[in-house]
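**Q** Here's a structure for you.
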Amino acid sequence: MLSKPVNGWTNVTLGGMVLDASYVYDIPFCWLRACIHSLKYDLPLSLYADLEVSKAYITSYFARTHIIIEDEGYRLFVIEKINFTDIARMLIDDISACLDDWAEWYAMEDSEEDHERRKRELSELLNETEAALAAYLSDKA
């Protein structure tokens with residue numbers, strides 16, 4: 001779902017759609033927190049991505065995911081068979097795989113101390129998201 005971040009950009013890929021998301025929004029922290037909230041309270045997942053020229057809103061719940069692109073107008077894309085638990089799993093896997101890179105994602109904080117703090121906080125969020133996903137799935141089993 002998320003490519004390895006490079007120079008403040010990542011590709012968000014869902015259902016064949018690819019969006020180029022910018023560092024302007026702190027994706028790893030904000031999106032994991034949104035997943036935790038969604039899973040804990042059984043609510044639809046809502047994510048935001050700044051594409052710099054446009055904006056993307058991703059909403060997901062049971063059977064499908066919706067992506068709304070806001071630029072000159074609004075465009076809606078519907079992705080079947082990807083739901084909020086799938087997105088949570090993909091985020092956990094993708095951020096974990098490139099943890100150091102995601103810790104450096106937000107260019108405003110570039111000292112070694114900031115990097116280590118962000119890495120630690122991101123690891124904690126990943127663990128919390130993993131626990132929330134496991135609890136949600138076991139409650140629904």
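Ordering of the structure tokens sets the chain letters (A, B, ...), residue numbers begin anew at 1 in every chain, and ligands are numbered from 1 in the order given.
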Please provide as a list in words all residues within 12 Å of Pro5 (chain A), with the sequence filter that same-chain residues fewer than 6 positions apart are discarded (counting only C-alpha atoms).

**A** Asn11, Val12, Asp20, Ala21, Ser22, Tyr23, Asp26, Ile27, Pro28, Asp94, Ile95, Ala97, Cys98, Leu99, Asp100, Asp101, Trp102, Ala103, Glu104, Trp105, Tyr106 and Ala107 of chain A

**Q** Show me, as a PyMOL selection string, the residues that have an atom within 8 Å of Leu91 (chain A) when counting only C-alpha atoms, minus same-chain residues fewer than 3 positions from it.

**A** chain A and resi 1-2+32+87-88+94-95

**Q** Nearest residue to Met17 (chain A) out of A:Tyr41, A:Phe84, A:Tyr57, A:Phe77, using only C-alpha atoms?

**A** A:Phe77

**Q** Calculate how many Å separate CA of Val78 (chain A) from CA of Leu137 (chain A), rounding to one decimal.

**A**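 Separation of CA of Val78 (chain A) and CA of Leu137 (chain A): 23.6 Å.
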
**Q** Smallest atom-to-atom distance to Lys4 (chain A): which of A:Glu113, A:Asp42, A:Asp86, A:Asp93, using only C-alpha atoms?

**A**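 Result for the nearest residue to Lys4 (chain A): A:Asp93.
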